[in-house]
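Presented below is the structure to which this report refers.
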Amino acid sequence: MKHAFFEYKNRPLVRNGDLIYYGYISDPYVAMLQVTQNKTFEDMTLATNVTVRLVDTDESKSLLERIIKTSDKDGLYQALDLADAWLTAAEKQSK
């Protein structure tokens, strides 16, 4: 059975609570987005502050060693845009 994931710019998005993983776990890097603040607008909850981390997928390293870059962004769209740029640059460097 094939599982369908939400995607952004042809990379999967997997959410677990306030954590969103962006990218393929089989790639050298993924982005980890952590929603740190929300606000309610009408009947929706919107992310207003998101911490973005570029994470090495090598599980032999400690989590602290695996964090390559980190940044805080206002809103989910800005966070995803930055994560996509980081993953694209990491792909080019690894080739």
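By order in the structure tokens, chains are A, B, ...; within a chain, residues start at 1; ligands start at 1, following the order shown.
The neighbours of segment 58-60 of chain A here are the residues that come within 12 Å of it, using only C-alpha atoms and leaving out any residue fewer than 2 positions away in the same chain; they are Ile25, Ser26, Asp27, Pro28, Tyr29, Val30, Val55, Asp56, Ser62, Leu63, Leu64, Glu65, Arg66, Ile67 and Ile68 of chain A.
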_Can you tell me which residues surround segment 71-81 of chain A at a distance of at most 8 Å, considering only C-alpha atoms, apart from same-chain residues fewer than 5 positions away, and format the answer as a ChimeraX atom specification?_
/A:8,33,46-53
Name all residues at most 10 Å from Leu87 of chain A (count only C-alpha atoms; drop same-chain ones fewer than 2 positions away) and give them as a CSV table (one decimal) with C-alpha atoms, in the first residue's frame.
chain,number,residue,atom,x,y,z
A,11,ARG,CA,9.4,17.0,-1.3
A,22,TYR,CA,10.4,18.2,5.2
A,23,GLY,CA,12.3,16.1,2.6
A,27,ASP,CA,18.6,12.0,1.4
A,28,PRO,CA,21.7,13.3,3.3
A,29,TYR,CA,19.7,16.1,4.9
A,30,VAL,CA,16.1,16.9,5.9
A,31,ALA,CA,14.6,20.0,7.3
A,54,LEU,CA,18.7,21.6,8.5
A,55,VAL,CA,19.5,18.2,9.9
A,82,LEU,CA,14.0,28.7,3.6
A,83,ALA,CA,14.0,24.9,4.2
A,84,ASP,CA,13.6,24.3,0.5
A,85,ALA,CA,16.5,26.6,-0.3
A,89,ALA,CA,21.8,23.9,-1.9
A,90,ALA,CA,22.7,20.8,0.1
A,91,GLU,CA,21.7,18.6,-2.8
A,92,LYS,CA,24.0,20.6,-5.2
A,93,GLN,CA,26.9,20.4,-2.8
*Identify all residues of chain A in helix (DSSP H, G or I) (DSSP on the backbone) and supply them as an MDAnalysis selection string.*
chainID A and resid 63:66 76:94
Residues from last step as file, N, CA and C atoms, as a PDB file, in the first residue's frame:
ATOM      1  N   LEU A  63      22.217  14.112  17.987  1.00  0.00           N
ATOM      2  CA  LEU A  63      21.316  15.104  17.402  1.00  0.00           C
ATOM      3  C   LEU A  63      21.987  16.473  17.306  1.00  0.00           C
ATOM      4  N   LEU A  64      22.748  16.861  18.325  1.00  0.00           N
ATOM      5  CA  LEU A  64      23.418  18.165  18.269  1.00  0.00           C
ATOM      6  C   LEU A  64      24.431  18.233  17.140  1.00  0.00           C
ATOM      7  N   GLU A  65      25.139  17.133  16.867  1.00  0.00           N
ATOM      8  CA  GLU A  65      26.103  17.094  15.765  1.00  0.00           C
ATOM      9  C   GLU A  65      25.401  17.135  14.411  1.00  0.00           C
ATOM     10  N   ARG A  66      24.176  16.664  14.367  1.00  0.00           N
ATOM     11  CA  ARG A  66      23.440  16.560  13.117  1.00  0.00           C
ATOM     12  C   ARG A  66      22.805  17.871  12.681  1.00  0.00           C
ATOM     13  N   LEU A  76       4.686  29.846   8.506  1.00  0.00           N
ATOM     14  CA  LEU A  76       5.045  28.565   7.916  1.00  0.00           C
ATOM     15  C   LEU A  76       5.575  28.710   6.497  1.00  0.00           C
ATOM     16  N   TYR A  77       4.987  29.603   5.691  1.00  0.00           N
ATOM     17  CA  TYR A  77       5.439  29.753   4.309  1.00  0.00           C
ATOM     18  C   TYR A  77       6.906  30.184   4.260  1.00  0.00           C
ATOM     19  N   GLN A  78       7.284  31.174   5.044  1.00  0.00           N
ATOM     20  CA  GLN A  78       8.685  31.621   5.054  1.00  0.00           C
ATOM     21  C   GLN A  78       9.609  30.507   5.518  1.00  0.00           C
ATOM     22  N   ALA A  79       9.170  29.720   6.491  1.00  0.00           N
ATOM     23  CA  ALA A  79       9.969  28.607   7.000  1.00  0.00           C
ATOM     24  C   ALA A  79      10.155  27.529   5.932  1.00  0.00           C
ATOM     25  N   LEU A  80       9.083  27.177   5.236  1.00  0.00           N
ATOM     26  CA  LEU A  80       9.183  26.173   4.175  1.00  0.00           C
ATOM     27  C   LEU A  80      10.048  26.660   3.017  1.00  0.00           C
ATOM     28  N   ASP A  81       9.931  27.931   2.684  1.00  0.00           N
ATOM     29  CA  ASP A  81      10.734  28.494   1.601  1.00  0.00           C
ATOM     30  C   ASP A  81      12.224  28.418   1.941  1.00  0.00           C
ATOM     31  N   LEU A  82      12.578  28.755   3.167  1.00  0.00           N
ATOM     32  CA  LEU A  82      13.974  28.668   3.604  1.00  0.00           C
ATOM     33  C   LEU A  82      14.443  27.218   3.618  1.00  0.00           C
ATOM     34  N   ALA A  83      13.628  26.329   4.147  1.00  0.00           N
ATOM     35  CA  ALA A  83      13.976  24.903   4.203  1.00  0.00           C
ATOM     36  C   ALA A  83      14.221  24.360   2.800  1.00  0.00           C
ATOM     37  N   ASP A  84      13.381  24.739   1.857  1.00  0.00           N
ATOM     38  CA  ASP A  84      13.561  24.284   0.481  1.00  0.00           C
ATOM     39  C   ASP A  84      14.870  24.804  -0.107  1.00  0.00           C
ATOM     40  N   ALA A  85      15.200  26.051   0.154  1.00  0.00           N
ATOM     41  CA  ALA A  85      16.463  26.615  -0.339  1.00  0.00           C
ATOM     42  C   ALA A  85      17.657  25.880   0.261  1.00  0.00           C
ATOM     43  N   TRP A  86      17.612  25.598   1.560  1.00  0.00           N
ATOM     44  CA  TRP A  86      18.700  24.874   2.212  1.00  0.00           C
ATOM     45  C   TRP A  86      18.852  23.468   1.637  1.00  0.00           C
ATOM     46  N   LEU A  87      17.746  22.764   1.445  1.00  0.00           N
ATOM     47  CA  LEU A  87      17.814  21.399   0.913  1.00  0.00           C
ATOM     48  C   LEU A  87      18.307  21.388  -0.532  1.00  0.00           C
ATOM     49  N   THR A  88      17.879  22.354  -1.330  1.00  0.00           N
ATOM     50  CA  THR A  88      18.340  22.454  -2.715  1.00  0.00           C
ATOM     51  C   THR A  88      19.844  22.706  -2.760  1.00  0.00           C
ATOM     52  N   ALA A  89      20.326  23.612  -1.924  1.00  0.00           N
ATOM     53  CA  ALA A  89      21.773  23.908  -1.878  1.00  0.00           C
ATOM     54  C   ALA A  89      22.562  22.683  -1.393  1.00  0.00           C
ATOM     55  N   ALA A  90      22.033  21.975  -0.412  1.00  0.00           N
ATOM     56  CA  ALA A  90      22.714  20.776   0.114  1.00  0.00           C
ATOM     57  C   ALA A  90      22.784  19.691  -0.955  1.00  0.00           C
ATOM     58  N   GLU A  91      21.728  19.542  -1.747  1.00  0.00           N
ATOM     59  CA  GLU A  91      21.739  18.569  -2.847  1.00  0.00           C
ATOM     60  C   GLU A  91      22.838  18.884  -3.849  1.00  0.00           C
ATOM     61  N   LYS A  92      22.961  20.161  -4.204  1.00  0.00           N
ATOM     62  CA  LYS A  92      23.972  20.573  -5.184  1.00  0.00           C
ATOM     63  C   LYS A  92      25.380  20.342  -4.651  1.00  0.00           C
ATOM     64  N   GLN A  93      25.608  20.582  -3.355  1.00  0.00           N
ATOM     65  CA  GLN A  93      26.928  20.393  -2.771  1.00  0.00           C
ATOM     66  C   GLN A  93      27.303  18.916  -2.660  1.00  0.00           C
ATOM     67  N   SER A  94      26.310  18.046  -2.490  1.00  0.00           N
ATOM     68  CA  SER A  94      26.604  16.624  -2.311  1.00  0.00           C
ATOM     69  C   SER A  94      26.831  15.900  -3.631  1.00  0.00           C
TER      70      SER A  94
END
_What's the separation between atom CA of Ala4 of chain A and atom CA of Thr40 of chain A, in Å to one decimal place?_
28.1 Å
Could you pull out the strand (DSSP E or B) residues of chain A from DSSP and send them as a PDB file with N, CA and C atoms, in the first residue's frame?
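Dumped everything to part_38.pdb:
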ATOM      1  N   PHE A   6       1.531  14.932   1.973  1.00  0.00           N
ATOM      2  CA  PHE A   6       1.485  16.287   1.448  1.00  0.00           C
ATOM      3  C   PHE A   6       2.879  16.609   0.950  1.00  0.00           C
ATOM      4  N   GLU A   7       2.954  17.433  -0.087  1.00  0.00           N
ATOM      5  CA  GLU A   7       4.247  17.817  -0.633  1.00  0.00           C
ATOM      6  C   GLU A   7       4.316  19.318  -0.801  1.00  0.00           C
ATOM      7  N   TYR A   8       5.547  19.819  -0.758  1.00  0.00           N
ATOM      8  CA  TYR A   8       5.840  21.207  -1.075  1.00  0.00           C
ATOM      9  C   TYR A   8       7.057  21.177  -1.974  1.00  0.00           C
ATOM     10  N   ARG A  11       8.773  17.699  -2.455  1.00  0.00           N
ATOM     11  CA  ARG A  11       9.357  17.016  -1.301  1.00  0.00           C
ATOM     12  C   ARG A  11       8.243  16.747  -0.296  1.00  0.00           C
ATOM     13  N   PRO A  12       8.294  15.602   0.394  1.00  0.00           N
ATOM     14  CA  PRO A  12       7.216  15.274   1.331  1.00  0.00           C
ATOM     15  C   PRO A  12       7.265  16.095   2.615  1.00  0.00           C
ATOM     16  N   LEU A  13       6.083  16.300   3.173  1.00  0.00           N
ATOM     17  CA  LEU A  13       5.894  16.957   4.470  1.00  0.00           C
ATOM     18  C   LEU A  13       5.232  15.954   5.403  1.00  0.00           C
ATOM     19  N   VAL A  14       5.838  15.724   6.558  1.00  0.00           N
ATOM     20  CA  VAL A  14       5.270  14.810   7.541  1.00  0.00           C
ATOM     21  C   VAL A  14       5.174  15.561   8.858  1.00  0.00           C
ATOM     22  N   ARG A  15       3.965  15.627   9.410  1.00  0.00           N
ATOM     23  CA  ARG A  15       3.742  16.388  10.647  1.00  0.00           C
ATOM     24  C   ARG A  15       3.495  15.449  11.812  1.00  0.00           C
ATOM     25  N   ASN A  16       4.105  15.815  12.948  1.00  0.00           N
ATOM     26  CA  ASN A  16       3.871  15.111  14.203  1.00  0.00           C
ATOM     27  C   ASN A  16       3.719  16.193  15.273  1.00  0.00           C
ATOM     28  N   LEU A  19       5.895  19.509  15.180  1.00  0.00           N
ATOM     29  CA  LEU A  19       7.079  19.248  14.353  1.00  0.00           C
ATOM     30  C   LEU A  19       6.661  18.856  12.947  1.00  0.00           C
ATOM     31  N   ILE A  20       7.326  19.435  11.960  1.00  0.00           N
ATOM     32  CA  ILE A  20       7.094  19.091  10.562  1.00  0.00           C
ATOM     33  C   ILE A  20       8.440  18.711   9.965  1.00  0.00           C
ATOM     34  N   TYR A  21       8.507  17.527   9.392  1.00  0.00           N
ATOM     35  CA  TYR A  21       9.721  17.078   8.708  1.00  0.00           C
ATOM     36  C   TYR A  21       9.510  17.281   7.216  1.00  0.00           C
ATOM     37  N   TYR A  22      10.501  17.878   6.567  1.00  0.00           N
ATOM     38  CA  TYR A  22      10.398  18.219   5.153  1.00  0.00           C
ATOM     39  C   TYR A  22      11.575  17.610   4.417  1.00  0.00           C
ATOM     40  N   TYR A  29      20.202  15.077   3.945  1.00  0.00           N
ATOM     41  CA  TYR A  29      19.665  16.087   4.861  1.00  0.00           C
ATOM     42  C   TYR A  29      18.148  16.153   4.756  1.00  0.00           C
ATOM     43  N   VAL A  30      17.502  16.519   5.852  1.00  0.00           N
ATOM     44  CA  VAL A  30      16.087  16.870   5.883  1.00  0.00           C
ATOM     45  C   VAL A  30      15.973  18.172   6.662  1.00  0.00           C
ATOM     46  N   ALA A  31      14.846  18.817   6.536  1.00  0.00           N
ATOM     47  CA  ALA A  31      14.561  20.008   7.330  1.00  0.00           C
ATOM     48  C   ALA A  31      13.554  19.643   8.412  1.00  0.00           C
ATOM     49  N   MET A  32      13.796  20.157   9.599  1.00  0.00           N
ATOM     50  CA  MET A  32      12.883  19.962  10.722  1.00  0.00           C
ATOM     51  C   MET A  32      12.337  21.341  11.087  1.00  0.00           C
ATOM     52  N   LEU A  33      11.042  21.502  10.998  1.00  0.00           N
ATOM     53  CA  LEU A  33      10.387  22.766  11.308  1.00  0.00           C
ATOM     54  C   LEU A  33       9.584  22.583  12.590  1.00  0.00           C
ATOM     55  N   GLN A  34       9.830  23.448  13.552  1.00  0.00           N
ATOM     56  CA  GLN A  34       9.122  23.377  14.827  1.00  0.00           C
ATOM     57  C   GLN A  34       8.295  24.641  15.019  1.00  0.00           C
ATOM     58  N   VAL A  35       6.982  24.471  15.093  1.00  0.00           N
ATOM     59  CA  VAL A  35       6.087  25.601  15.323  1.00  0.00           C
ATOM     60  C   VAL A  35       6.212  25.980  16.798  1.00  0.00           C
ATOM     61  N   THR A  36       6.658  27.212  17.062  1.00  0.00           N
ATOM     62  CA  THR A  36       6.877  27.649  18.440  1.00  0.00           C
ATOM     63  C   THR A  36       5.809  28.620  18.927  1.00  0.00           C
ATOM     64  N   GLN A  37       5.057  29.232  17.983  1.00  0.00           N
ATOM     65  CA  GLN A  37       3.952  30.116  18.370  1.00  0.00           C
ATOM     66  C   GLN A  37       2.833  30.000  17.355  1.00  0.00           C
ATOM     67  N   ASN A  38       1.610  30.077  17.850  1.00  0.00           N
ATOM     68  CA  ASN A  38       0.403  30.036  17.019  1.00  0.00           C
ATOM     69  C   ASN A  38      -0.485  31.219  17.348  1.00  0.00           C
ATOM     70  N   LYS A  39      -1.396  31.508  16.419  1.00  0.00           N
ATOM     71  CA  LYS A  39      -2.480  32.438  16.720  1.00  0.00           C
ATOM     72  C   LYS A  39      -3.733  31.901  16.056  1.00  0.00           C
ATOM     73  N   THR A  40      -4.868  32.261  16.621  1.00  0.00           N
ATOM     74  CA  THR A  40      -6.140  31.827  16.080  1.00  0.00           C
ATOM     75  C   THR A  40      -6.709  32.925  15.203  1.00  0.00           C
ATOM     76  N   PHE A  41      -7.135  32.532  14.015  1.00  0.00           N
ATOM     77  CA  PHE A  41      -7.773  33.448  13.073  1.00  0.00           C
ATOM     78  C   PHE A  41      -9.056  32.782  12.616  1.00  0.00           C
ATOM     79  N   MET A  44      -9.333  28.880  12.425  1.00  0.00           N
ATOM     80  CA  MET A  44      -8.065  28.214  12.101  1.00  0.00           C
ATOM     81  C   MET A  44      -6.977  28.596  13.095  1.00  0.00           C
ATOM     82  N   THR A  45      -6.020  27.704  13.266  1.00  0.00           N
ATOM     83  CA  THR A  45      -4.816  27.990  14.034  1.00  0.00           C
ATOM     84  C   THR A  45      -3.679  28.182  13.042  1.00  0.00           C
ATOM     85  N   LEU A  46      -3.016  29.344  13.106  1.00  0.00           N
ATOM     86  CA  LEU A  46      -1.946  29.677  12.173  1.00  0.00           C
ATOM     87  C   LEU A  46      -0.611  29.732  12.901  1.00  0.00           C
ATOM     88  N   ALA A  47       0.421  29.173  12.273  1.00  0.00           N
ATOM     89  CA  ALA A  47       1.770  29.235  12.832  1.00  0.00           C
ATOM     90  C   ALA A  47       2.310  30.653  12.628  1.00  0.00           C
ATOM     91  N   THR A  48       2.736  31.303  13.715  1.00  0.00           N
ATOM     92  CA  THR A  48       3.274  32.657  13.606  1.00  0.00           C
ATOM     93  C   THR A  48       4.784  32.696  13.797  1.00  0.00           C
ATOM     94  N   ASN A  49       5.348  31.670  14.419  1.00  0.00           N
ATOM     95  CA  ASN A  49       6.799  31.591  14.579  1.00  0.00           C
ATOM     96  C   ASN A  49       7.218  30.139  14.402  1.00  0.00           C
ATOM     97  N   VAL A  50       8.207  29.922  13.542  1.00  0.00           N
ATOM     98  CA  VAL A  50       8.661  28.571  13.227  1.00  0.00           C
ATOM     99  C   VAL A  50      10.185  28.545  13.262  1.00  0.00           C
ATOM    100  N   THR A  51      10.750  27.586  13.984  1.00  0.00           N
ATOM    101  CA  THR A  51      12.191  27.361  13.986  1.00  0.00           C
ATOM    102  C   THR A  51      12.502  26.321  12.917  1.00  0.00           C
ATOM    103  N   VAL A  52      13.451  26.670  12.039  1.00  0.00           N
ATOM    104  CA  VAL A  52      13.849  25.789  10.941  1.00  0.00           C
ATOM    105  C   VAL A  52      15.240  25.258  11.240  1.00  0.00           C
ATOM    106  N   ARG A  53      15.419  23.939  11.078  1.00  0.00           N
ATOM    107  CA  ARG A  53      16.736  23.325  11.258  1.00  0.00           C
ATOM    108  C   ARG A  53      17.035  22.441  10.057  1.00  0.00           C
ATOM    109  N   LEU A  54      18.240  22.564   9.510  1.00  0.00           N
ATOM    110  CA  LEU A  54      18.728  21.633   8.509  1.00  0.00           C
ATOM    111  C   LEU A  54      19.446  20.538   9.269  1.00  0.00           C
ATOM    112  N   VAL A  55      19.011  19.281   9.083  1.00  0.00           N
ATOM    113  CA  VAL A  55      19.488  18.170   9.898  1.00  0.00           C
ATOM    114  C   VAL A  55      20.107  17.093   9.016  1.00  0.00           C
ATOM    115  N   ASP A  56      21.314  16.668   9.387  1.00  0.00           N
ATOM    116  CA  ASP A  56      21.988  15.542   8.743  1.00  0.00           C
ATOM    117  C   ASP A  56      21.213  14.272   9.101  1.00  0.00           C
ATOM    118  N   ILE A  67      22.643  18.830  13.591  1.00  0.00           N
ATOM    119  CA  ILE A  67      22.041  20.118  13.235  1.00  0.00           C
ATOM    120  C   ILE A  67      23.084  20.968  12.524  1.00  0.00           C
ATOM    121  N   ILE A  68      22.827  21.262  11.256  1.00  0.00           N
ATOM    122  CA  ILE A  68      23.774  21.985  10.409  1.00  0.00           C
ATOM    123  C   ILE A  68      23.501  23.490  10.446  1.00  0.00           C
ATOM    124  N   LYS A  69      22.240  23.864  10.318  1.00  0.00           N
ATOM    125  CA  LYS A  69      21.831  25.272  10.313  1.00  0.00           C
ATOM    126  C   LYS A  69      20.541  25.410  11.094  1.00  0.00           C
ATOM    127  N   THR A  70      20.307  26.609  11.606  1.00  0.00           N
ATOM    128  CA  THR A  70      19.046  26.893  12.289  1.00  0.00           C
ATOM    129  C   THR A  70      18.655  28.356  12.069  1.00  0.00           C
ATOM    130  N   SER A  71      17.363  28.613  12.014  1.00  0.00           N
ATOM    131  CA  SER A  71      16.856  29.969  11.827  1.00  0.00           C
ATOM    132  C   SER A  71      15.417  30.027  12.322  1.00  0.00           C
ATOM    133  N   ASP A  72      14.976  31.199  12.748  1.00  0.00           N
ATOM    134  CA  ASP A  72      13.579  31.429  13.126  1.00  0.00           C
ATOM    135  C   ASP A  72      12.907  32.254  12.043  1.00  0.00           C
ATOM    136  N   LYS A  73      11.693  31.868  11.675  1.00  0.00           N
ATOM    137  CA  LYS A  73      10.941  32.573  10.641  1.00  0.00           C
ATOM    138  C   LYS A  73       9.545  32.904  11.132  1.00  0.00           C
TER     139      LYS A  73
END
